[in-house]
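Note sheet for the following structure.
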Amino acid sequence: MKKHIRKTAVLSILTTVALVLSYVEAILPPIWAAVPGIKIGLPNIIIIFILYKTGLKDAITVSVIRLFLVALLFGNAMTLLYSAAGAILSIALMTLCKKINLFSMVGVSIVGGVAHNLGQILVAMAIFETSQIGYYMLVLAVTGTIAGVFVGIAASIILKRFEKIKI
Amino acid sequence: MKNNNSQKNQKLRNDIILAVVIVFIAAAGLLLFVLTKQEGSTVAVKIDGVVTDTYPLSENREVSIKTGENDENINILTIKDGKASISEADCPDKICVETRAVSFVGETIVCLPHKIVIEITNEKTDDQIDVAV
């Protein structure tokens with residue numbers, strides 16, 4: 001019982017941190033106005049950390065709560081659709097990559113970043129019924145890879161610091 | 001420990017291979033896109049996925065595109081010197097206004113909040129094919 005309470009508390013704090021990181025990312029100026037959608041993916045640091053520390057179930061829980069809170073606080077139903085598609089594809093492919101055990105956290109994070117962009121582009125294609133925006137994905141794949149490297153390094157540093165702390 | 005280290009190096013190598021492969025595929029795709037692009041002759045206005053209007057790129061003009069239930073959302077499409085751009089809009093993010101002018105087939109300007117896509121097309125060529133058939 002005590003362990004359960006501890007875990008709930010720690011995951012709540014991590015959800016809050018992910019939420020704050022979402023806000024920080026939202027108020028940052030756009031990196032390149034010509035290609036909207038370029039992001040570092042700061043909240044993914046927390047999601048990857050949870051994925052490695054406590055597992056898929058908790059990562060999904062925190063991610064879902066974060067998505068709804070972000071939509072409620074600084075977005076709308078439309079942005080929820082985009083971010084949900086990105087998050088679902090991202091977590092699914094990251095879990096797969098972690099399972100096959102070929103990549104470190106950085107590799108898993110790269111896959112997560114690119115998958116997030118891919119999910120959002122697919123939704124945009126479906127909404128606008130055009131495949132022409134697909135070439136955005138080529139640019140986003142490069143920026144997603146670079147962002148994934150930094151997010152992966154950050155997540156692995158945090159995981160190392162938490163090595164002796166049980167959640 | 002030694003075994004652990006070699007496994008770490010192997011994973012690091014795989015990470016690098018992964019990154020290089022993704023960047024390479026994206027660069028090849030972009031290169032293909034740049035090499036195959038051709039000047040368009042018309043610009044199509046799509047609202048919510050449906051083409052509502054098509055204008056020739058050869059004539060300079062300004063069109064106001066009204067969307068929303070009571071036509072409350074306005075984007076101004078400007079065609080000038082064979083290029084199309086959104087010169088004004090009352091959407092919150094103004095990404096469509098910041099997007100540079102487009103003139104090549106398949107290039108788009110997207111206004112997410114108003115569900116508008118401006119797409120460069122080549123409808124004259126389509127007509128010619130129809131006539132030939």
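If you're wondering about the labels, chains in the structure tokens are A, B, ... by order shown, residues count from 1 in each chain, ligands from 1 in order shown.
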Note to self: Show me, as a ChimeraX atom specification, every residue of chain A with an atom at most 12 Å from chain B, counting only C-alpha atoms.
What the structure shows: /A:29-30,32-37,75-79,82,97-98,100-111,113-115,123-149,152-153
Notebook entry, point to check: Quick one: residues within 9 Å of stretch 25-28 of chain A, only C-alpha atoms counted, chain neighbours fewer than 5 positions away excluded, as an MDAnalysis selection string?
Noted result: chainID A and resid 20 39:43 74
Those residues you just picked out, can you put them in a file as a PDB file, in the first residue's frame with N, CA, C and O atoms?
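Saved as selection_34.pdb:
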ATOM      1  N   VAL A  20       4.816  21.298 -17.417  1.00  0.00           N
ATOM      2  CA  VAL A  20       5.589  22.547 -17.430  1.00  0.00           C
ATOM      3  C   VAL A  20       6.485  22.597 -18.675  1.00  0.00           C
ATOM      4  O   VAL A  20       6.593  23.624 -19.345  1.00  0.00           O
ATOM      5  N   LYS A  39       9.899  20.948 -33.335  1.00  0.00           N
ATOM      6  CA  LYS A  39       9.904  21.069 -31.879  1.00  0.00           C
ATOM      7  C   LYS A  39      11.039  20.243 -31.308  1.00  0.00           C
ATOM      8  O   LYS A  39      11.518  19.316 -31.957  1.00  0.00           O
ATOM      9  N   ILE A  40      11.439  20.583 -30.077  1.00  0.00           N
ATOM     10  CA  ILE A  40      12.466  19.767 -29.427  1.00  0.00           C
ATOM     11  C   ILE A  40      11.812  18.522 -28.821  1.00  0.00           C
ATOM     12  O   ILE A  40      12.414  17.459 -28.786  1.00  0.00           O
ATOM     13  N   GLY A  41      10.582  18.664 -28.365  1.00  0.00           N
ATOM     14  CA  GLY A  41       9.916  17.522 -27.730  1.00  0.00           C
ATOM     15  C   GLY A  41      10.342  17.337 -26.294  1.00  0.00           C
ATOM     16  O   GLY A  41      10.571  16.217 -25.840  1.00  0.00           O
ATOM     17  N   LEU A  42      10.471  18.458 -25.564  1.00  0.00           N
ATOM     18  CA  LEU A  42      10.918  18.399 -24.163  1.00  0.00           C
ATOM     19  C   LEU A  42      10.115  17.422 -23.283  1.00  0.00           C
ATOM     20  O   LEU A  42      10.718  16.689 -22.500  1.00  0.00           O
ATOM     21  N   PRO A  43       8.772  17.379 -23.385  1.00  0.00           N
ATOM     22  CA  PRO A  43       8.028  16.456 -22.513  1.00  0.00           C
ATOM     23  C   PRO A  43       8.429  14.994 -22.733  1.00  0.00           C
ATOM     24  O   PRO A  43       8.278  14.163 -21.839  1.00  0.00           O
ATOM     25  N   PHE A  74      -3.744  25.100 -22.807  1.00  0.00           N
ATOM     26  CA  PHE A  74      -3.269  25.977 -23.875  1.00  0.00           C
ATOM     27  C   PHE A  74      -3.645  25.545 -25.276  1.00  0.00           C
ATOM     28  O   PHE A  74      -3.083  26.002 -26.239  1.00  0.00           O
TER      29      PHE A  74
END
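If you look at atom CA of B:Asn75 and atom CA of B:Val34, they are 28.1 Å away from each other.
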Check: Quick one: residues within 8 Å of B:Glu62, only C-alpha atoms counted, chain neighbours fewer than 6 positions away excluded, as number ranges by chain?
Finding: B: 76-79
Using the selection just defined, write its residues with C-alpha atoms as a PDB file, in the first residue's frame.
ATOM      1  CA  ILE B  76      -6.287  37.324 -48.370  1.00  0.00           C
ATOM      2  CA  LEU B  77      -4.713  35.362 -51.205  1.00  0.00           C
ATOM      3  CA  THR B  78      -2.365  37.476 -53.329  1.00  0.00           C
ATOM      4  CA  ILE B  79      -1.218  36.363 -56.772  1.00  0.00           C
TER       5      ILE B  79
END
Item checked: Residues of stretch 19-120 of chain B in strand (DSSP E or B), written as JSON, numbers by chain -> {"B": [39, 42, 43, 44, 45, 46, 47, 50, 51, 52, 53, 54, 55, 56, 61, 62, 63, 64, 65, 66, 67, 73, 74, 75, 76, 77, 78, 79, 80, 83, 84, 85, 86, 87, 88, 89, 102, 104, 108, 109, 110, 111, 116, 117, 118, 119, 120]}
Emit the selected residues as a PDB file, in the first residue's frame, including C-alpha atoms.
ATOM      1  CA  GLU B  39       6.376  25.705 -62.331  1.00  0.00           C
ATOM      2  CA  THR B  42      -2.835  27.646 -61.482  1.00  0.00           C
ATOM      3  CA  VAL B  43      -3.495  27.938 -57.788  1.00  0.00           C
ATOM      4  CA  ALA B  44      -6.293  25.948 -56.117  1.00  0.00           C
ATOM      5  CA  VAL B  45      -8.015  27.027 -52.905  1.00  0.00           C
ATOM      6  CA  LYS B  46      -9.134  24.109 -50.732  1.00  0.00           C
ATOM      7  CA  ILE B  47     -11.414  24.696 -47.785  1.00  0.00           C
ATOM      8  CA  VAL B  50     -12.771  20.617 -50.958  1.00  0.00           C
ATOM      9  CA  VAL B  51     -11.473  22.692 -53.892  1.00  0.00           C
ATOM     10  CA  THR B  52     -13.621  25.837 -53.935  1.00  0.00           C
ATOM     11  CA  ASP B  53     -11.770  28.035 -56.428  1.00  0.00           C
ATOM     12  CA  THR B  54      -8.958  27.893 -58.962  1.00  0.00           C
ATOM     13  CA  TYR B  55      -7.126  30.957 -60.273  1.00  0.00           C
ATOM     14  CA  PRO B  56      -4.470  31.301 -62.996  1.00  0.00           C
ATOM     15  CA  ARG B  61      -4.993  39.602 -58.251  1.00  0.00           C
ATOM     16  CA  GLU B  62      -6.127  39.661 -54.638  1.00  0.00           C
ATOM     17  CA  VAL B  63      -8.860  37.368 -53.396  1.00  0.00           C
ATOM     18  CA  SER B  64     -10.351  37.321 -49.939  1.00  0.00           C
ATOM     19  CA  ILE B  65     -11.175  33.804 -48.785  1.00  0.00           C
ATOM     20  CA  LYS B  66     -13.966  33.767 -46.230  1.00  0.00           C
ATOM     21  CA  THR B  67     -14.513  30.756 -43.996  1.00  0.00           C
ATOM     22  CA  ASN B  73     -12.568  34.267 -40.875  1.00  0.00           C
ATOM     23  CA  ILE B  74     -10.659  36.064 -43.599  1.00  0.00           C
ATOM     24  CA  ASN B  75      -7.471  35.155 -45.471  1.00  0.00           C
ATOM     25  CA  ILE B  76      -6.287  37.324 -48.370  1.00  0.00           C
ATOM     26  CA  LEU B  77      -4.713  35.362 -51.205  1.00  0.00           C
ATOM     27  CA  THR B  78      -2.365  37.476 -53.329  1.00  0.00           C
ATOM     28  CA  ILE B  79      -1.218  36.363 -56.772  1.00  0.00           C
ATOM     29  CA  LYS B  80       1.688  38.428 -58.025  1.00  0.00           C
ATOM     30  CA  LYS B  83       3.560  33.439 -57.272  1.00  0.00           C
ATOM     31  CA  ALA B  84       0.830  32.942 -54.699  1.00  0.00           C
ATOM     32  CA  SER B  85       0.966  33.962 -51.052  1.00  0.00           C
ATOM     33  CA  ILE B  86      -1.311  34.810 -48.152  1.00  0.00           C
ATOM     34  CA  SER B  87      -0.783  38.512 -47.513  1.00  0.00           C
ATOM     35  CA  GLU B  88      -3.217  38.950 -44.662  1.00  0.00           C
ATOM     36  CA  ALA B  89      -5.157  36.719 -42.279  1.00  0.00           C
ATOM     37  CA  VAL B 102       4.718  29.430 -53.703  1.00  0.00           C
ATOM     38  CA  PHE B 104       5.943  25.146 -58.017  1.00  0.00           C
ATOM     39  CA  THR B 108       1.194  24.463 -50.418  1.00  0.00           C
ATOM     40  CA  ILE B 109       0.378  27.154 -47.923  1.00  0.00           C
ATOM     41  CA  VAL B 110      -1.631  25.838 -45.016  1.00  0.00           C
ATOM     42  CA  CYS B 111      -3.803  27.737 -42.559  1.00  0.00           C
ATOM     43  CA  ILE B 116      -7.513  26.318 -45.743  1.00  0.00           C
ATOM     44  CA  VAL B 117      -4.926  24.831 -48.104  1.00  0.00           C
ATOM     45  CA  ILE B 118      -3.559  26.857 -51.015  1.00  0.00           C
ATOM     46  CA  GLU B 119      -2.036  24.463 -53.527  1.00  0.00           C
ATOM     47  CA  ILE B 120      -0.163  25.141 -56.754  1.00  0.00           C
TER      48      ILE B 120
END
Check: Per DSSP on the backbone, what are the helix (DSSP H, G or I) residues of stretch 17-135 of chain A, as a ChimeraX atom specification?
Finding: /A:17-27,43-53,56-74,77-100,105-128,134-135
Check: At what distance in Å, to one decimal, does atom CA of A:Arg6 lie from atom CA of A:Ile167?
Finding: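 That distance, rounded to one decimal, is 6.9 Å.
Once A:Arg66 and its same-chain neighbours fewer than 2 positions away are set aside, Thr15, Thr16, Ala18, Leu19, Ser22, Pro43, Thr61, Val62, Ser63, Val64, Phe68, Leu69, Val70 and Ala71 of chain A remain within 9 Å of it when counting only C-alpha atoms.
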Can those selected residues be exported to a file as a tab-separated table (two decimals), in the first residue's frame so that it contains all heavy atoms?
chain	number	residue	atom	x	y	z
A	15	THR	N	4.27	14.03	-14.02
A	15	THR	CA	3.24	14.57	-14.93
A	15	THR	C	3.31	16.10	-14.94
A	15	THR	O	3.24	16.74	-15.99
A	15	THR	CB	1.83	14.12	-14.49
A	15	THR	OG1	1.84	12.71	-14.33
A	15	THR	CG2	0.79	14.51	-15.52
A	16	THR	N	3.46	16.67	-13.73
A	16	THR	CA	3.55	18.12	-13.62
A	16	THR	C	4.77	18.65	-14.35
A	16	THR	O	4.69	19.65	-15.07
A	16	THR	CB	3.62	18.55	-12.13
A	16	THR	OG1	2.66	17.81	-11.41
A	16	THR	CG2	3.39	20.02	-11.98
A	18	ALA	N	6.28	17.26	-16.87
A	18	ALA	CA	6.02	17.13	-18.31
A	18	ALA	C	5.12	18.27	-18.79
A	18	ALA	O	5.30	18.82	-19.87
A	18	ALA	CB	5.38	15.78	-18.61
A	19	LEU	N	4.14	18.63	-17.94
A	19	LEU	CA	3.20	19.71	-18.28
A	19	LEU	C	3.92	21.05	-18.38
A	19	LEU	O	3.71	21.83	-19.32
A	19	LEU	CB	2.10	19.77	-17.22
A	19	LEU	CG	0.89	20.63	-17.54
A	19	LEU	CD1	0.16	20.07	-18.74
A	19	LEU	CD2	-0.05	20.68	-16.34
A	22	SER	N	5.88	21.17	-21.50
A	22	SER	CA	5.00	21.45	-22.64
A	22	SER	C	4.77	22.95	-22.76
A	22	SER	O	4.76	23.51	-23.86
A	22	SER	CB	3.64	20.77	-22.47
A	22	SER	OG	3.78	19.42	-22.20
A	43	PRO	N	8.77	17.38	-23.39
A	43	PRO	CA	8.03	16.46	-22.51
A	43	PRO	C	8.43	14.99	-22.73
A	43	PRO	O	8.28	14.16	-21.84
A	43	PRO	CB	6.57	16.66	-22.93
A	43	PRO	CG	6.53	17.99	-23.59
A	43	PRO	CD	7.87	18.17	-24.23
A	61	THR	N	-0.08	6.32	-19.04
A	61	THR	CA	-0.93	7.08	-18.11
A	61	THR	C	-0.50	8.54	-18.05
A	61	THR	O	-1.32	9.46	-18.24
A	61	THR	CB	-0.83	6.48	-16.68
A	61	THR	OG1	-1.03	5.08	-16.77
A	61	THR	CG2	-1.87	7.09	-15.76
A	62	VAL	N	0.80	8.77	-17.82
A	62	VAL	CA	1.31	10.14	-17.71
A	62	VAL	C	1.09	10.89	-19.02
A	62	VAL	O	0.68	12.05	-19.04
A	62	VAL	CB	2.80	10.14	-17.31
A	62	VAL	CG1	3.40	11.54	-17.42
A	62	VAL	CG2	2.97	9.62	-15.89
A	63	SER	N	1.34	10.20	-20.14
A	63	SER	CA	1.21	10.83	-21.44
A	63	SER	C	-0.24	11.26	-21.71
A	63	SER	O	-0.49	12.37	-22.19
A	63	SER	CB	1.68	9.85	-22.53
A	63	SER	OG	1.75	10.50	-23.76
A	64	VAL	N	-1.19	10.39	-21.39
A	64	VAL	CA	-2.61	10.69	-21.62
A	64	VAL	C	-3.05	11.89	-20.77
A	64	VAL	O	-3.69	12.82	-21.27
A	64	VAL	CB	-3.50	9.46	-21.33
A	64	VAL	CG1	-4.97	9.85	-21.26
A	64	VAL	CG2	-3.28	8.39	-22.39
A	68	PHE	N	-4.35	15.68	-22.24
A	68	PHE	CA	-5.62	16.33	-21.95
A	68	PHE	C	-5.42	17.66	-21.24
A	68	PHE	O	-6.09	18.64	-21.53
A	68	PHE	CB	-6.53	15.41	-21.14
A	68	PHE	CG	-7.27	14.44	-22.01
A	68	PHE	CD1	-6.83	13.14	-22.16
A	68	PHE	CD2	-8.38	14.86	-22.75
A	68	PHE	CE1	-7.49	12.25	-22.99
A	68	PHE	CE2	-9.05	13.98	-23.59
A	68	PHE	CZ	-8.60	12.67	-23.71
A	69	LEU	N	-4.46	17.70	-20.30
A	69	LEU	CA	-4.21	18.95	-19.58
A	69	LEU	C	-3.68	20.03	-20.53
A	69	LEU	O	-4.10	21.19	-20.44
A	69	LEU	CB	-3.22	18.71	-18.43
A	69	LEU	CG	-3.79	17.95	-17.24
A	69	LEU	CD1	-2.72	17.71	-16.19
A	69	LEU	CD2	-4.96	18.71	-16.63
A	70	VAL	N	-2.79	19.66	-21.43
A	70	VAL	CA	-2.24	20.63	-22.38
A	70	VAL	C	-3.36	21.18	-23.27
A	70	VAL	O	-3.47	22.38	-23.48
A	70	VAL	CB	-1.12	20.00	-23.25
A	70	VAL	CG1	-0.80	20.87	-24.46
A	70	VAL	CG2	0.14	19.80	-22.42
A	71	ALA	N	-4.23	20.28	-23.77
A	71	ALA	CA	-5.34	20.71	-24.63
A	71	ALA	C	-6.26	21.65	-23.86
A	71	ALA	O	-6.74	22.65	-24.39
A	71	ALA	CB	-6.10	19.50	-25.14
Checklist line | Residue nearest B:Ser103 among B:Gln38, B:Asn60, B:Ser6, B:Asn70 (counting only C-alpha atoms) | finding: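 The answer is B:Gln38, which sits nearest to B:Ser103.
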Next item on the list: Would you work out the distance separating atom CA of B:Glu123 from atom CA of B:Gly82, expressed in Å to one decimal?
Entry: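 For atom CA of B:Glu123 relative to atom CA of B:Gly82, the distance reads 14.6 Å.
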Next item on the list: Please identify all polymer residues within 8 Å of A:Phe49, counting only C-alpha atoms, omitting same-chain residues fewer than 2 positions from it, and present them as a VMD selection string.
Entry: chain A and resid 45 to 47 51 to 53 155 to 156 158 to 159
